[in-house]
file protein36.csv (CSV, C-alpha atoms and all ligand atoms)
chain,number,residue,atom,x,y,z
A,481,MET,CA,21.3,-9.6,49.2
A,482,SER,CA,18.2,-8.6,51.1
A,483,ALA,CA,18.1,-9.1,54.8
A,484,THR,CA,14.5,-9.8,54.6
A,485,MET,CA,14.3,-12.7,52.2
A,486,ILE,CA,11.0,-14.5,52.3
A,487,LEU,CA,11.5,-18.2,51.9
A,488,PRO,CA,9.3,-21.3,51.4
A,489,PRO,CA,6.9,-22.5,52.7
A,490,ALA,CA,5.7,-18.9,53.2
A,491,THR,CA,2.4,-18.0,51.8
A,492,LEU,CA,2.3,-15.2,49.1
A,493,GLY,CA,-0.8,-13.1,48.4
A,494,MET,CA,-2.0,-12.3,44.9
A,495,LEU,CA,-4.6,-9.7,44.2
A,496,GLY,CA,-6.4,-10.6,41.0
A,497,GLY,CA,-7.0,-14.1,39.7
A,498,GLY,CA,-6.8,-14.0,35.9
A,499,GLN,CA,-4.2,-15.8,33.7
A,500,LEU,CA,-1.4,-13.5,34.9
A,501,GLY,CA,-2.2,-14.5,38.5
A,502,ARG,CA,-2.4,-18.2,37.5
A,503,PHE,CA,1.1,-18.1,36.0
A,504,PHE,CA,2.4,-16.4,39.2
A,505,VAL,CA,0.8,-19.2,41.3
A,506,THR,CA,2.5,-21.8,39.2
A,507,ALA,CA,5.9,-20.0,39.4
A,508,ALA,CA,5.5,-19.6,43.2
A,509,HIS,CA,4.6,-23.3,43.6
A,510,GLU,CA,7.7,-24.3,41.6
A,511,LEU,CA,9.8,-22.4,44.1
A,512,GLY,CA,8.0,-24.0,47.1
A,513,TYR,CA,5.7,-21.2,48.1
A,514,GLN,CA,2.0,-21.3,48.8
A,515,VAL,CA,-0.3,-18.7,47.4
A,516,TRP,CA,-3.6,-17.1,48.4
A,517,VAL,CA,-5.6,-15.4,45.7
A,518,LEU,CA,-8.1,-12.7,46.2
A,519,ASP,CA,-10.5,-12.1,43.3
A,520,PRO,CA,-14.3,-11.6,43.2
A,521,ASP,CA,-14.8,-14.1,40.3
A,522,LYS,CA,-15.7,-17.6,41.5
A,523,ASN,CA,-14.2,-19.1,38.4
A,524,SER,CA,-10.9,-17.2,38.7
A,525,PRO,CA,-8.2,-19.2,36.8
A,526,ALA,CA,-5.6,-18.4,39.5
A,527,GLY,CA,-8.0,-19.1,42.4
A,528,ARG,CA,-8.6,-22.6,41.1
A,529,ILE,CA,-5.0,-23.6,41.5
A,530,ALA,CA,-4.1,-21.6,44.6
A,531,GLU,CA,-4.1,-22.9,48.2
A,532,ARG,CA,-6.9,-20.6,49.0
A,533,HIS,CA,-9.2,-18.4,47.0
A,534,PHE,CA,-10.9,-15.4,48.7
A,535,CYS,CA,-13.8,-14.8,46.5
A,536,VAL,CA,-14.6,-11.2,47.6
A,537,ALA,CA,-14.5,-7.6,46.4
A,538,TYR,CA,-11.1,-5.8,46.6
A,539,ASP,CA,-12.4,-3.5,49.2
A,540,ASP,CA,-13.8,-6.1,51.7
A,541,TYR,CA,-11.7,-4.8,54.5
A,542,ALA,CA,-12.7,-7.5,57.0
A,543,VAL,CA,-11.4,-10.2,54.6
A,544,LEU,CA,-8.3,-8.1,53.7
A,545,ASP,CA,-7.4,-8.3,57.4
A,546,GLU,CA,-7.4,-12.1,57.3
A,547,PHE,CA,-5.6,-12.1,54.0
A,548,ALA,CA,-2.8,-9.8,55.3
A,549,GLN,CA,-2.4,-12.0,58.4
A,550,GLY,CA,-1.8,-15.1,56.4
A,551,CYS,CA,0.5,-13.7,53.8
A,552,ALA,CA,4.2,-12.9,54.1
A,553,ALA,CA,4.1,-10.5,51.2
A,554,ILE,CA,1.4,-9.4,48.6
A,555,THR,CA,1.5,-8.5,45.0
A,556,THR,CA,-1.0,-7.9,42.2
A,557,GLU,CA,-1.7,-9.0,38.7
A,558,PHE,CA,-4.6,-6.6,38.0
A,559,GLU,CA,-3.8,-2.9,37.6
A,560,ASN,CA,-7.2,-1.8,38.8
A,561,VAL,CA,-7.0,-3.1,42.3
A,562,PRO,CA,-7.9,0.1,44.3
A,563,ALA,CA,-4.7,1.8,45.4
A,564,GLY,CA,-6.5,2.2,48.8
A,565,THR,CA,-6.5,-1.6,49.1
A,566,LEU,CA,-2.8,-1.8,48.5
A,567,ASP,CA,-2.1,1.0,51.0
A,568,TYR,CA,-4.2,-0.7,53.6
A,569,LEU,CA,-2.5,-4.0,53.2
A,570,ALA,CA,0.9,-2.3,53.3
A,571,LYS,CA,0.3,-1.4,56.9
A,572,PHE,CA,0.6,-5.1,57.8
A,573,VAL,CA,2.8,-6.7,55.2
A,574,PRO,CA,5.2,-5.8,52.3
A,575,VAL,CA,3.2,-4.9,49.2
A,576,ARG,CA,5.1,-4.9,45.9
A,577,PRO,CA,4.7,-2.9,43.7
A,578,SER,CA,3.6,-0.1,46.0
A,579,ALA,CA,0.2,1.6,45.9
A,580,ALA,CA,1.9,4.8,44.7
A,581,ALA,CA,3.6,3.1,41.7
A,582,VAL,CA,0.4,1.3,40.7
A,583,ALA,CA,-1.7,4.5,41.1
A,584,VAL,CA,0.4,6.2,38.4
A,585,CYS,CA,-0.3,3.4,35.9
A,586,GLN,CA,-4.0,3.1,36.8
A,587,ASN,CA,-5.0,6.5,35.4
A,588,ARG,CA,-4.0,7.6,32.0
A,589,ILE,CA,-4.0,11.3,33.0
A,590,VAL,CA,-1.6,10.6,35.9
A,591,GLU,CA,0.5,8.2,33.7
A,592,LYS,CA,0.9,10.7,30.8
A,593,SER,CA,1.7,13.6,33.2
A,594,PHE,CA,4.3,11.4,34.8
A,595,LEU,CA,5.9,10.7,31.5
A,596,ARG,CA,5.8,14.4,30.6
A,597,ASP,CA,7.1,15.7,34.0
A,598,HIS,CA,10.1,13.3,33.9
A,599,GLY,CA,11.0,14.0,30.3
A,600,PHE,CA,10.2,10.6,28.9
A,601,PRO,CA,9.3,10.5,25.2
A,602,HIS,CA,5.5,10.6,24.9
A,603,GLY,CA,2.9,11.6,22.3
A,604,PRO,CA,0.9,14.9,22.3
A,605,PHE,CA,-2.1,14.7,24.7
A,606,ILE,CA,-4.4,16.6,26.9
A,607,ALA,CA,-6.4,15.7,30.0
A,608,VAL,CA,-10.2,15.9,29.3
A,609,ASN,CA,-12.2,16.5,32.4
A,610,THR,CA,-14.9,18.7,30.8
A,611,GLU,CA,-16.4,19.5,27.4
A,612,ASN,CA,-14.5,22.8,27.6
A,613,ASP,CA,-11.2,20.9,27.6
A,614,LEU,CA,-12.2,19.5,24.2
A,615,LYS,CA,-13.5,22.8,22.9
A,616,ASN,CA,-10.1,24.3,23.7
A,617,ALA,CA,-8.0,21.3,22.5
A,618,PRO,CA,-5.1,22.2,20.2
A,619,VAL,CA,-6.1,21.4,16.6
A,620,GLU,CA,-3.0,19.3,16.0
A,621,LEU,CA,-4.4,16.6,18.4
A,622,PHE,CA,-6.9,15.7,15.6
A,623,PRO,CA,-7.3,13.1,14.2
A,624,GLY,CA,-7.0,11.7,17.7
A,625,ILE,CA,-8.0,8.9,20.1
A,626,LEU,CA,-10.1,9.7,23.1
A,627,LYS,CA,-9.4,7.2,25.9
A,628,VAL,CA,-11.1,6.9,29.3
A,629,ALA,CA,-8.6,7.7,32.1
A,630,ARG,CA,-9.5,4.6,34.1
A,631,PHE,CA,-10.4,1.0,33.6
A,632,GLY,CA,-9.7,0.8,29.9
A,633,TYR,CA,-8.0,-2.4,28.5
A,634,ASP,CA,-7.6,-4.3,25.3
A,635,GLY,CA,-8.7,-1.2,23.4
A,636,LYS,CA,-11.9,-0.8,25.4
A,637,GLY,CA,-13.0,2.7,26.5
A,638,GLN,CA,-11.4,4.2,23.4
A,639,ALA,CA,-12.8,6.1,20.4
A,640,THR,CA,-11.1,7.2,17.3
A,641,VAL,CA,-12.1,10.9,16.7
A,642,ASN,CA,-11.4,12.7,13.5
A,643,ASN,CA,-12.3,16.1,14.7
A,644,ARG,CA,-13.6,18.2,17.7
A,645,GLU,CA,-17.2,17.4,17.0
A,646,GLU,CA,-16.7,13.6,17.0
A,647,ALA,CA,-14.6,14.0,20.2
A,648,LEU,CA,-17.5,15.8,21.9
A,649,VAL,CA,-19.9,13.0,20.9
A,650,ALA,CA,-17.5,10.3,22.1
A,651,PHE,CA,-17.0,12.2,25.4
A,652,GLY,CA,-20.8,12.2,25.8
A,653,HIS,CA,-20.9,8.4,25.3
A,654,PHE,CA,-18.3,8.0,28.0
A,655,LYS,CA,-20.8,9.7,30.4
A,656,GLY,CA,-18.5,12.3,32.0
A,657,GLU,CA,-15.7,9.8,32.6
A,658,HIS,CA,-12.4,11.7,32.7
A,659,CYS,CA,-10.4,11.0,29.6
A,660,VAL,CA,-7.2,11.8,27.7
A,661,LEU,CA,-7.2,12.9,24.1
A,662,GLU,CA,-4.1,11.7,22.3
A,663,GLN,CA,-3.0,12.6,18.8
A,664,ARG,CA,-3.4,9.5,16.6
A,665,LEU,CA,0.2,8.7,15.6
A,666,ALA,CA,1.4,7.0,12.4
A,667,LEU,CA,2.9,3.8,13.8
A,668,ASP,CA,5.8,2.1,12.1
A,669,TYR,CA,5.4,-0.7,14.6
A,670,GLU,CA,5.0,-1.3,18.3
A,671,VAL,CA,7.5,-2.8,20.8
A,672,SER,CA,7.5,-3.5,24.5
A,673,VAL,CA,9.9,-4.1,27.3
A,674,VAL,CA,9.1,-6.4,30.2
A,675,LEU,CA,11.5,-6.0,33.1
A,676,ALA,CA,11.9,-6.8,36.8
A,677,ARG,CA,13.3,-4.5,39.4
A,678,ASP,CA,14.3,-5.6,42.9
A,679,GLU,CA,14.4,-3.8,46.3
A,680,GLN,CA,18.0,-2.8,45.8
A,681,GLY,CA,17.2,-1.2,42.5
A,682,ASN,CA,18.7,-3.9,40.2
A,683,VAL,CA,16.9,-4.1,36.9
A,684,ARG,CA,16.8,-7.0,34.5
A,685,CYS,CA,15.1,-6.3,31.1
A,686,PHE,CA,13.8,-9.2,29.0
A,687,PRO,CA,14.7,-8.8,25.3
A,688,THR,CA,12.5,-6.2,23.6
A,689,GLY,CA,9.6,-7.7,21.7
A,690,GLU,CA,7.7,-6.5,18.7
A,691,ASN,CA,3.9,-6.5,19.0
A,692,ARG,CA,1.2,-6.7,16.5
A,693,HIS,CA,-2.3,-5.7,17.7
A,694,THR,CA,-5.6,-6.6,16.0
A,695,GLN,CA,-8.6,-4.4,17.0
A,696,GLY,CA,-6.7,-3.0,20.0
A,697,ILE,CA,-5.8,-6.4,21.4
A,698,LEU,CA,-2.4,-8.0,21.3
A,699,ASP,CA,-2.3,-10.6,18.6
A,700,VAL,CA,1.3,-11.6,18.0
A,701,SER,CA,4.7,-10.9,19.8
A,702,ILE,CA,7.9,-11.4,17.9
A,703,VAL,CA,11.2,-11.8,19.8
A,704,PRO,CA,13.7,-10.5,19.0
A,705,ALA,CA,11.9,-7.4,17.6
A,706,ARG,CA,12.7,-6.8,14.0
A,707,THR,CA,14.3,-3.5,14.6
A,708,THR,CA,17.7,-1.9,15.2
A,709,ALA,CA,19.9,-2.7,18.2
A,710,CYS,CA,19.6,1.0,18.9
A,711,VAL,CA,15.8,1.0,19.2
A,712,LYS,CA,16.0,-2.1,21.4
A,713,SER,CA,18.6,-0.7,23.8
A,714,ASP,CA,16.8,2.7,23.9
A,715,ALA,CA,13.5,1.0,24.8
A,716,GLU,CA,15.2,-1.0,27.5
A,717,GLU,CA,17.0,2.0,28.9
A,718,VAL,CA,13.8,4.1,29.0
A,719,ALA,CA,11.8,1.3,30.6
A,720,ALA,CA,14.4,0.8,33.3
A,721,ARG,CA,14.4,4.6,34.0
A,722,ILE,CA,10.6,4.6,34.3
A,723,ALA,CA,10.8,1.7,36.8
A,724,GLU,CA,13.4,3.6,38.8
A,725,LYS,CA,11.4,6.8,38.8
A,726,LEU,CA,8.3,4.9,40.0
A,727,GLY,CA,10.4,3.1,42.7
A,728,TYR,CA,8.9,0.0,41.2
A,729,ILE,CA,9.5,-3.4,42.8
A,730,GLY,CA,8.3,-6.4,40.8
A,731,THR,CA,7.7,-7.2,37.1
A,732,MET,CA,6.3,-4.5,34.8
A,733,GLY,CA,5.6,-4.0,31.1
A,734,VAL,CA,6.3,-0.8,29.1
A,735,GLU,CA,4.6,-0.4,25.7
A,736,PHE,CA,6.1,1.7,23.1
A,737,PHE,CA,5.2,3.0,19.7
A,738,VAL,CA,7.8,3.6,17.0
A,739,SER,CA,6.4,6.5,15.0
A,740,ARG,CA,8.4,7.9,12.0
A,741,GLY,CA,11.5,6.3,13.5
A,742,ARG,CA,11.0,7.8,17.0
A,743,LEU,CA,10.5,5.7,20.1
A,744,ILE,CA,7.5,6.9,22.1
A,745,VAL,CA,6.2,5.5,25.4
A,746,ASN,CA,2.5,4.4,25.1
A,747,GLU,CA,1.7,3.1,28.5
A,748,MET,CA,2.9,1.1,31.5
A,749,ALA,CA,1.5,-2.0,33.1
A,750,PRO,CA,2.3,-2.5,36.8
A,751,ARG,CA,2.3,-6.3,36.5
A,752,PRO,CA,3.6,-9.0,34.2
A,753,HIS,CA,2.5,-8.3,30.6
A,754,ASN,CA,0.9,-10.3,27.9
A,755,SER,CA,3.8,-9.5,25.5
A,756,GLY,CA,6.1,-11.1,28.1
A,757,HIS,CA,4.5,-14.5,27.9
A,758,TYR,CA,7.2,-15.7,25.5
A,759,THR,CA,9.6,-15.6,28.5
A,760,ILE,CA,7.8,-18.7,30.0
A,761,ASP,CA,9.3,-20.9,27.2
A,762,ALA,CA,12.2,-18.8,25.8
A,763,CYS,CA,14.1,-17.3,28.7
A,764,VAL,CA,16.3,-18.6,31.5
A,765,THR,CA,13.9,-17.0,34.1
A,766,ASP,CA,10.4,-16.0,33.1
A,767,GLN,CA,8.5,-12.8,34.0
A,768,PHE,CA,6.4,-14.6,36.7
A,769,GLU,CA,9.4,-16.2,38.5
A,770,GLN,CA,10.9,-12.7,38.5
A,771,GLN,CA,7.8,-11.4,40.1
A,772,VAL,CA,8.1,-14.0,42.8
A,773,ARG,CA,11.8,-13.3,43.3
A,774,ALA,CA,11.3,-9.5,43.5
A,775,LEU,CA,8.4,-9.9,45.9
A,776,CYS,CA,10.3,-12.3,48.2
A,777,GLY,CA,13.6,-10.3,48.1
A,778,LEU,CA,15.5,-13.1,46.3
A,779,PRO,CA,18.1,-12.0,43.7
A,780,LEU,CA,16.6,-11.6,40.2
A,781,GLY,CA,17.3,-14.4,37.7
A,782,GLU,CA,18.9,-14.1,34.4
A,783,ALA,CA,16.5,-12.6,31.8
A,784,ARG,CA,18.4,-13.9,28.7
A,785,ALA,CA,16.4,-15.5,25.9
A,786,HIS,CA,17.8,-18.9,24.8
A,787,SER,CA,15.6,-19.1,21.7
A,788,ALA,CA,13.9,-16.8,19.2
A,789,ALA,CA,10.2,-16.9,19.9
A,790,VAL,CA,6.8,-15.9,18.5
A,791,MET,CA,3.8,-15.8,20.8
A,792,VAL,CA,0.3,-15.9,19.4
A,793,ASN,CA,-2.7,-15.0,21.6
A,794,LEU,CA,-5.8,-17.3,21.5
A,795,LEU,CA,-8.9,-15.2,21.9
A,796,GLY,CA,-12.5,-16.5,22.5
A,797,ASP,CA,-13.4,-15.8,18.9
A,798,LEU,CA,-11.5,-19.0,18.0
A,799,TRP,CA,-14.1,-21.0,19.9
A,800,TYR,CA,-17.0,-19.3,18.1
A,801,ASP,CA,-18.1,-20.0,14.5
A,802,GLY,CA,-20.7,-17.2,14.5
A,803,GLU,CA,-23.4,-19.5,15.8
A,804,HIS,CA,-22.0,-22.1,18.2
A,805,TYR,CA,-19.1,-22.5,20.6
A,806,HIS,CA,-16.8,-25.5,20.1
A,807,GLU,CA,-13.3,-26.5,21.2
A,808,PRO,CA,-10.6,-25.7,18.7
A,809,ASP,CA,-8.8,-28.5,17.0
A,810,TRP,CA,-5.8,-28.6,19.3
A,811,ALA,CA,-4.3,-31.6,17.5
A,812,LYS,CA,-3.2,-29.2,14.8
A,813,LEU,CA,-1.0,-27.4,17.4
A,814,HIS,CA,0.1,-30.5,19.2
A,815,ALA,CA,1.5,-31.8,15.9
A,816,ILE,CA,4.2,-29.0,15.9
A,817,PRO,CA,7.1,-30.1,18.1
A,818,ASN,CA,8.6,-26.6,18.8
A,819,LEU,CA,5.2,-25.1,19.8
A,820,LYS,CA,4.2,-24.7,23.5
A,821,LEU,CA,0.5,-24.4,24.1
A,822,HIS,CA,-0.9,-22.7,27.3
A,823,LEU,CA,-4.6,-22.6,28.0
A,824,TYR,CA,-5.9,-20.6,31.0
A,825,GLY,CA,-8.8,-22.8,32.1
A,826,LYS,CA,-11.4,-20.0,31.6
A,827,HIS,CA,-15.0,-21.3,31.8
A,828,HIS,CA,-16.6,-19.2,29.0
A,829,ALA,CA,-15.1,-18.3,25.7
A,830,ARG,CA,-16.2,-14.8,24.6
A,831,PRO,CA,-15.1,-12.9,21.6
A,832,GLY,CA,-12.0,-10.8,22.5
A,833,ARG,CA,-11.4,-12.7,25.8
A,834,LYS,CA,-7.9,-14.0,26.3
A,835,MET,CA,-8.3,-17.8,26.6
A,836,GLY,CA,-4.7,-19.0,26.0
A,837,HIS,CA,-1.6,-18.5,23.9
A,838,PHE,CA,1.1,-20.5,22.2
A,839,THR,CA,4.8,-19.8,21.6
A,840,VAL,CA,6.9,-21.2,18.8
A,841,LEU,CA,10.6,-21.5,19.6
A,842,GLY,CA,13.7,-22.0,17.5
A,843,GLU,CA,17.2,-20.8,16.6
A,844,ASP,CA,16.3,-19.1,13.3
A,845,ALA,CA,14.0,-16.1,13.9
A,846,ALA,CA,12.7,-16.0,10.4
A,847,ARG,CA,11.7,-19.7,10.4
A,848,VAL,CA,10.1,-19.3,13.8
A,849,GLN,CA,7.9,-16.5,12.5
A,850,GLU,CA,6.9,-18.5,9.5
A,851,ALA,CA,6.0,-21.5,11.6
A,852,ALA,CA,4.1,-19.4,14.1
A,853,LEU,CA,2.0,-17.7,11.5
A,854,ALA,CA,1.3,-21.1,9.8
A,855,ALA,CA,0.2,-22.5,13.1
A,856,ARG,CA,-2.0,-19.5,13.7
A,857,ALA,CA,-3.7,-20.0,10.4
A,858,ALA,CA,-3.9,-23.8,10.9
A,859,ILE,CA,-5.9,-23.4,14.1
A,860,GLY,CA,-8.3,-21.1,12.3
A,861,ILE,CA,-7.2,-17.6,13.2
A,862,LYS,CA,-8.0,-15.3,10.3
A,863,ASP,CA,-6.2,-12.2,9.3
A,864,GLU,CA,-8.5,-9.2,9.3
B,1,LIG,P1,-4.9,-0.7,26.1
B,1,LIG,O1,-4.9,-0.3,27.6
B,1,LIG,O2,-6.3,-1.1,25.7
B,1,LIG,O3,-3.8,-1.6,25.8
B,1,LIG,P2,-3.6,1.3,24.5
B,1,LIG,O4,-3.5,2.7,24.8
B,1,LIG,O5,-2.3,0.5,24.6
B,1,LIG,O6,-4.7,0.7,25.3
B,1,LIG,O7,-4.1,1.1,23.0
B,1,LIG,C1,-4.3,-0.1,22.4
B,1,LIG,C2,-3.7,-0.1,20.9
B,1,LIG,O8,-4.3,0.9,20.1
B,1,LIG,C3,-2.2,0.3,20.9
B,1,LIG,O9,-1.4,-0.8,21.2
B,1,LIG,C4,-2.1,0.8,19.5
B,1,LIG,O10,-2.0,-0.2,18.6
B,1,LIG,C5,-3.4,1.6,19.3
B,1,LIG,N1,-3.2,3.0,19.7
B,1,LIG,C6,-3.4,3.5,21.0
B,1,LIG,N2,-3.1,4.8,21.1
B,1,LIG,C7,-2.7,5.2,19.9
B,1,LIG,C8,-2.2,6.5,19.3
B,1,LIG,N3,-2.2,7.6,20.0
B,1,LIG,N4,-1.9,6.5,18.0
B,1,LIG,C9,-1.9,5.4,17.3
B,1,LIG,N5,-2.4,4.1,17.7
B,1,LIG,C10,-2.7,4.0,19.0
B,2,MG,MG,-1.8,-1.2,25.7

call {"tool": "encode", "arguments": {"input": "protein36.csv", "output": "structure tokens"}}
result
Amino acid sequence: MSATMILPPATLGMLGGGQLGRFFVTAAHELGYQVWVLDPDKNSPAGRIAERHFCVAYDDYAVLDEFAQGCAAITTEFENVPAGTLDYLAKFVPVRPSAAAVAVCQNRIVEKSFLRDHGFPHGPFIAVNTENDLKNAPVELFPGILKVARFGYDGKGQATVNNREEALVAFGHFKGEHCVLEQRLALDYEVSVVLARDEQGNVRCFPTGENRHTQGILDVSIVPARTTACVKSDAEEVAARIAEKLGYIGTMGVEFFVSRGRLIVNEMAPRPHNSGHYTIDACVTDQFEQQVRALCGLPLGEARAHSAAVMVNLLGDLWYDGEHYHEPDWAKLHAIPNLKLHLYGKHHARPGRKMGHFTVLGEDAARVQEAALAARAAIGIKDE
């Protein structure tokens, strides 16, 4: 056990104040900690339930000094916190995960190069820094997907490009942002592994989930994934080795493609992951409690799922009928006794914005899937 356990009523620092931060605050409160949140959004969902909300930019160094002085340890929920901020804070107080680990996951060029250099399974790609890189791109990368190297999320900053000409046009639209060009893979399905790793290098993987995306945004996660024991254990083993190579401390998510039967790493998230939300209701310890435990040097909790689970994301589209915004008919969901609803307290519903999720639980995986898809339809989510 760590000699440097941080115990309540210590104050923990959270960089970023979205729903992932909000769940962290709740988990930390349950264990007796206080939390300070730093996020420039005055309506930050996490900021509203934390002991203090520092509503400033991530590089406001005068405020970072005060933040570091008041926190026993600091973590993040937002992968785009400048690595320089994490490095600066780490001079005063433990920061987990480290700036170096976060930096790899922040930039798709660095991330894909990391996968290649360490021999992890990854799809064909090139870094695109100039038009010439596209002019010289191997022809087998087409049809491909051009993705900005930084600040993309939920399918934003991506263009499907059928050929070199389309790639050049798309690169122009990204206004000189550095990019990666990936081959567009034939996906059998997608899976992800959320795990936690502590200071001593112990790793606990949550059960592998199967993810369905709609328009580049996670729609549904199914646990256990409907795949072979072999794919599940390979995914967990690869995810654990990635965490180890990154020297990662905390909770992280690793997204995979299964393409023509082969497991391929898509990307890593240096934070709890949307596909791990099912752990809140279906696992002995959830991904946010693991984040608190890893941050504070406590032993990790058991990651076992005690139920089959299907998580459904609730996007802002559900609030919008094409003309007006109105509150969805929650009674339809409350009527289902094995359904757990989570709303994030965001002020404005916008199409594509993650507003909440629900998880359906049960012993029989097939029945849980049926019930979750029926609930999804009942609340008004349409299939494309
Ligand atoms: P984000 O950071 O927005 O999650 P991803 O790179 O994970 O970006 O892409 C979002 C989704 O788009 C993926 O989950 C997958 O469904 C699809 N996608 C991304 N890259 C590829 C690819 N190379 N081939 C096929 N589908 C892809
Ligand atoms: Mg992704």

call {"tool": "residues_around", "arguments": {"input": "protein36.csv", "residues": "region 497-504 of chain A", "least_positions_apart": "5", "cutoff": "10 Å", "atoms": "all atoms listed in the file", "output": "VMD selection string"}}
result
chain A and resid 492 509 to 510 515 to 530 533 to 535 555 to 558 751 to 754 757 760 766 to 772 822 to 826 834 to 836

call {"tool": "residues_near_ligand", "arguments": {"input": "protein36.csv", "ligand": "ligand LIG 1 (chain B)", "cutoff": "10 Å", "atoms": "all atoms listed in the file", "output": "PyMOL selection string"}}
result
chain A and resi 586+588+602-605+621+623-640+661-672+691-698+734-739+744-749

call {"tool": "closest_residue", "arguments": {"input": "protein36.csv", "among": "A:Val543, A:Val674, A:Ala617, A:Val561", "to": "Ala583 (chain A)", "atoms": "all atoms listed in the file"}}
result
A:Val561

call {"tool": "atom_distance", "arguments": {"input": "protein36.csv", "atom1": "CA of Asn587 (chain A)", "atom2": "CA of Asp699 (chain A)"}}
result
24.1 Å

call {"tool": "residues_around", "arguments": {"input": "protein36.csv", "residues": "Gln849 (chain A)", "least_positions_apart": "3", "cutoff": "8 Å", "atoms": "all atoms listed in the file", "output": "tab-separated table (two decimals) with C-alpha atoms, in the frame of the given file"}}
result
chain	number	residue	atom	x	y	z
A	702	ILE	CA	7.90	-11.40	17.90
A	789	ALA	CA	10.20	-16.90	19.90
A	790	VAL	CA	6.80	-15.90	18.50
A	840	VAL	CA	6.90	-21.20	18.80
A	845	ALA	CA	14.00	-16.10	13.90
A	846	ALA	CA	12.70	-16.00	10.40
A	852	ALA	CA	4.10	-19.40	14.10
A	853	LEU	CA	2.00	-17.70	11.50

call {"tool": "atom_distance", "arguments": {"input": "protein36.csv", "atom1": "CA of Gly689 (chain A)", "atom2": "CA of Ser755 (chain A)"}}
result
7.2 Å

call {"tool": "closest_residue", "arguments": {"input": "protein36.csv", "among": "A:Gly733, A:Leu780, A:Val584, A:Ala647", "to": "ligand MG 2 (chain B)", "atoms": "only C-alpha atoms and all ligand atoms"}}
result
A:Gly733

call {"tool": "closest_residue", "arguments": {"input": "protein36.csv", "among": "A:Leu813, A:Cys585, A:Leu778, A:Leu648", "to": "Asn616 (chain A)", "atoms": "all atoms listed in the file"}}
result
A:Leu648

call {"tool": "atom_distance", "arguments": {"input": "protein36.csv", "atom1": "CA of Lys712 (chain A)", "atom2": "CA of Cys685 (chain A)"}}
result
10.6 Å

call {"tool": "residues_around", "arguments": {"input": "protein36.csv", "residues": "Glu724 (chain A)", "least_positions_apart": "5", "cutoff": "10 Å", "atoms": "all atoms listed in the file", "output": "list in words"}}
result
Arg677, Gly681, Asn682, Val683, Val718, Ala719 and Ile729 of chain A

call {"tool": "closest_residue", "arguments": {"input": "protein36.csv", "among": "A:Thr491, A:Asn793, A:Asn560, A:Ser701", "to": "Ile861 (chain A)", "atoms": "all atoms listed in the file"}}
result
A:Asn793

call {"tool": "closest_residue", "arguments": {"input": "protein36.csv", "among": "A:Pro750, A:Pro574, A:Pro601, A:Pro687", "to": "ligand MG 2 (chain B)", "atoms": "only C-alpha atoms and all ligand atoms"}}
result
A:Pro750

call {"tool": "residues_around", "arguments": {"input": "protein36.csv", "residues": "Leu511 (chain A)", "least_positions_apart": "6", "cutoff": "10 Å", "atoms": "all atoms listed in the file", "output": "PyMOL selection string"}}
result
chain A and resi 487-489+505+769+772-773

call {"tool": "build_atoms", "arguments": {"input": "protein36.csv", "residues": "region 812-819 of chain A", "atoms": "N, CA, C and O atoms", "output": "JSON list (two decimals), in the frame of the given file"}}
result
[["chain", "number", "residue", "atom", "x", "y", "z"],
["A", 812, "LYS", "N", -3.97, -29.92, 15.81],
["A", 812, "LYS", "CA", -3.20, -29.20, 14.80],
["A", 812, "LYS", "C", -1.97, -28.51, 15.43],
["A", 812, "LYS", "O", -0.93, -28.40, 14.80],
["A", 813, "LEU", "N", -2.13, -28.04, 16.67],
["A", 813, "LEU", "CA", -1.00, -27.40, 17.40],
["A", 813, "LEU", "C", -0.08, -28.43, 17.98],
["A", 813, "LEU", "O", 1.15, -28.30, 17.96],
["A", 814, "HIS", "N", -0.68, -29.49, 18.55],
["A", 814, "HIS", "CA", 0.10, -30.50, 19.20],
["A", 814, "HIS", "C", 1.08, -31.19, 18.18],
["A", 814, "HIS", "O", 2.10, -31.76, 18.56],
["A", 815, "ALA", "N", 0.73, -31.13, 16.90],
["A", 815, "ALA", "CA", 1.50, -31.80, 15.90],
["A", 815, "ALA", "C", 2.85, -31.00, 15.62],
["A", 815, "ALA", "O", 3.75, -31.50, 14.94],
["A", 816, "ILE", "N", 2.97, -29.79, 16.18],
["A", 816, "ILE", "CA", 4.20, -29.00, 15.90],
["A", 816, "ILE", "C", 5.10, -29.08, 17.11],
["A", 816, "ILE", "O", 4.78, -28.61, 18.20],
["A", 817, "PRO", "N", 6.25, -29.72, 16.93],
["A", 817, "PRO", "CA", 7.10, -30.10, 18.10],
["A", 817, "PRO", "C", 7.73, -28.92, 18.81],
["A", 817, "PRO", "O", 8.06, -29.04, 19.99],
["A", 818, "ASN", "N", 7.93, -27.80, 18.13],
["A", 818, "ASN", "CA", 8.60, -26.60, 18.80],
["A", 818, "ASN", "C", 7.54, -25.59, 19.19],
["A", 818, "ASN", "O", 7.86, -24.41, 19.28],
["A", 819, "LEU", "N", 6.30, -26.03, 19.42],
["A", 819, "LEU", "CA", 5.20, -25.10, 19.80],
["A", 819, "LEU", "C", 4.77, -25.49, 21.23],
["A", 819, "LEU", "O", 4.54, -26.67, 21.52]]
